[in-house]
Amino acid sequence: MTMWKKMPLWQKILGALVLGLLTGIVFGESAQVLKPIGSLFINLIKMLIMPLVFVTLVTGIISMEDLTKMKRIGLKTFGIYLITTAIAITIGLVVGAVLEPGVGVSLETNNVITAKESPSLINTLLNIVTKNPFASFSQGNVLQVIFFAIILGVSINLTGEKGEPAKKFFISISEAMYKMTEIVMSYAPFGVFGLMAWVSASYGSDVLLSLGQVIFGVYLAAIIHILITFAGGISLIGKLNPLKFFKGIITAQTVAFTSTSSSGTLPITTQNTTKNLGVSKPIASFVLPLGATINMDGTALYQGVCAMFVAQAFGISLGMDQFMMIILTSTLASIGTAGVPGAGLIMLTLVLTSVGLPIEGVALIAGIDRILDMARTTVNVTGDAMTSLLIAKSEDEFNENIYNGKEKYEEVAI
């Protein structure tokens, strides 16, 4: 018990992940009874999402009394997210073209999935403005909550001295939310164990082997994107050691991998970036909630691999026009893709439709979507953390001593 208390949280989580995986393989379907343990953890995380996004974003904005600075940071954030998403989908297409995961695979199936109508970009942008903030909270509409938080934060700043009580209130509540996050995270190893036991017991080896090429392709594309795009951005643009970056966010990556929710991992991502990477709370509170909603690099590269898989399996050749359409559609659609488990499948139907590929191909992809979702969510969360780090450094709101492990977060104000 003493050794358990001394272990870092990420080691506990990784150990629970491996133990859960082995439990599912050894005990088979009977291990599915452990799912409620994981479901409880997911529910605890979901409990945090909406209030944490709202409170921390308002706090982040009221700390930026310079509206010019806030506009500058916003443009940087959107710019980085869109560029890395375009790179991700390109990597996915290239990996899919090289590996040819659909060659020799039959997509004949009786389980035809009807594509859900995806909202247009115009409607997505219009729907950002909420008609009822309380309804947005109850329905979990993150985009609308983010918009309302931004408007409220700016309004509090513009009220001047009269807005000071509101500032103190939100700062106090945000600290309480961070403490609640720590409480929930103490349960993480148990939740991760339950989730992984259920996943391995549910899928087994048969499904993994039948679509092993697709799984391998998505995971390979994810690794390439993380090592080249993210590590490259940190070392070349940020002039920092990328190994320290990955060490600092390993807990968030682990939770993302097991929970498959970018939004659900947001509390842990925020905690990792501030306490381990030295990013200031205002920057983290502004950049990360946006990233959990619009930054879908992992989902984008998944679209590339899966689109190539479907095209090859049905014997359809794609030209350069189709490749460009997939890149454009995936990049723009990522803005409206919710950071919750399974949202990538809805986006995939949109991408397939945009280039005339059979939507029936989604039926087989759906069988392994949970496994693919683990990889793409990990990429999404890693991209959020990288973006917050680069922006914090560019705005001189970055503590390099914390990043390099020379000082502890509690010992210094950032």
# chains A, B, ... in the order shown; residues from 1 in each chain; ligands from 1

call {"tool": "residues_around", "arguments": {"residues": "Ala166 in chain A", "least_positions_apart": "6", "cutoff": "10 Å", "atoms": "only C-alpha atoms", "output": "PyMOL selection string"}}
result
chain A and resi 59+62+153+156-157+172

call {"tool": "residues_around", "arguments": {"residues": "Ala300 in chain A", "least_positions_apart": "6", "cutoff": "6 Å", "atoms": "only C-alpha atoms", "output": "ChimeraX atom specification"}}
result
/A:88-89,330

call {"tool": "write_last_selection", "arguments": {"atoms": "N, CA and C atoms", "output": "PDB file, in the first residue's frame"}}
result
ATOM      1  N   ALA A  88      -2.486  16.148 -40.725  1.00  0.00           N
ATOM      2  CA  ALA A  88      -2.909  14.837 -40.227  1.00  0.00           C
ATOM      3  C   ALA A  88      -3.676  14.045 -41.285  1.00  0.00           C
ATOM      4  N   ILE A  89      -4.634  14.686 -41.948  1.00  0.00           N
ATOM      5  CA  ILE A  89      -5.410  13.975 -42.966  1.00  0.00           C
ATOM      6  C   ILE A  89      -4.526  13.566 -44.133  1.00  0.00           C
ATOM      7  N   SER A 330     -12.427  17.010 -44.357  1.00  0.00           N
ATOM      8  CA  SER A 330     -12.019  16.570 -43.020  1.00  0.00           C
ATOM      9  C   SER A 330     -11.573  17.743 -42.162  1.00  0.00           C
TER      10      SER A 330
END

call {"tool": "atom_distance", "arguments": {"atom1": "CA of Ser186 in chain A", "atom2": "CA of Ile37 in chain A"}}
result
13.6 Å

call {"tool": "residues_around", "arguments": {"residues": "Leu57 in chain A", "least_positions_apart": "2", "cutoff": "8 Å", "atoms": "only C-alpha atoms", "output": "list of chain:residue names"}}
result
A:Val53, A:Phe54, A:Val55, A:Thr59, A:Gly60, A:Ile61, A:Ile146, A:Ala149, A:Ile150, A:Gly153, A:Ser285, A:Phe286, A:Pro289
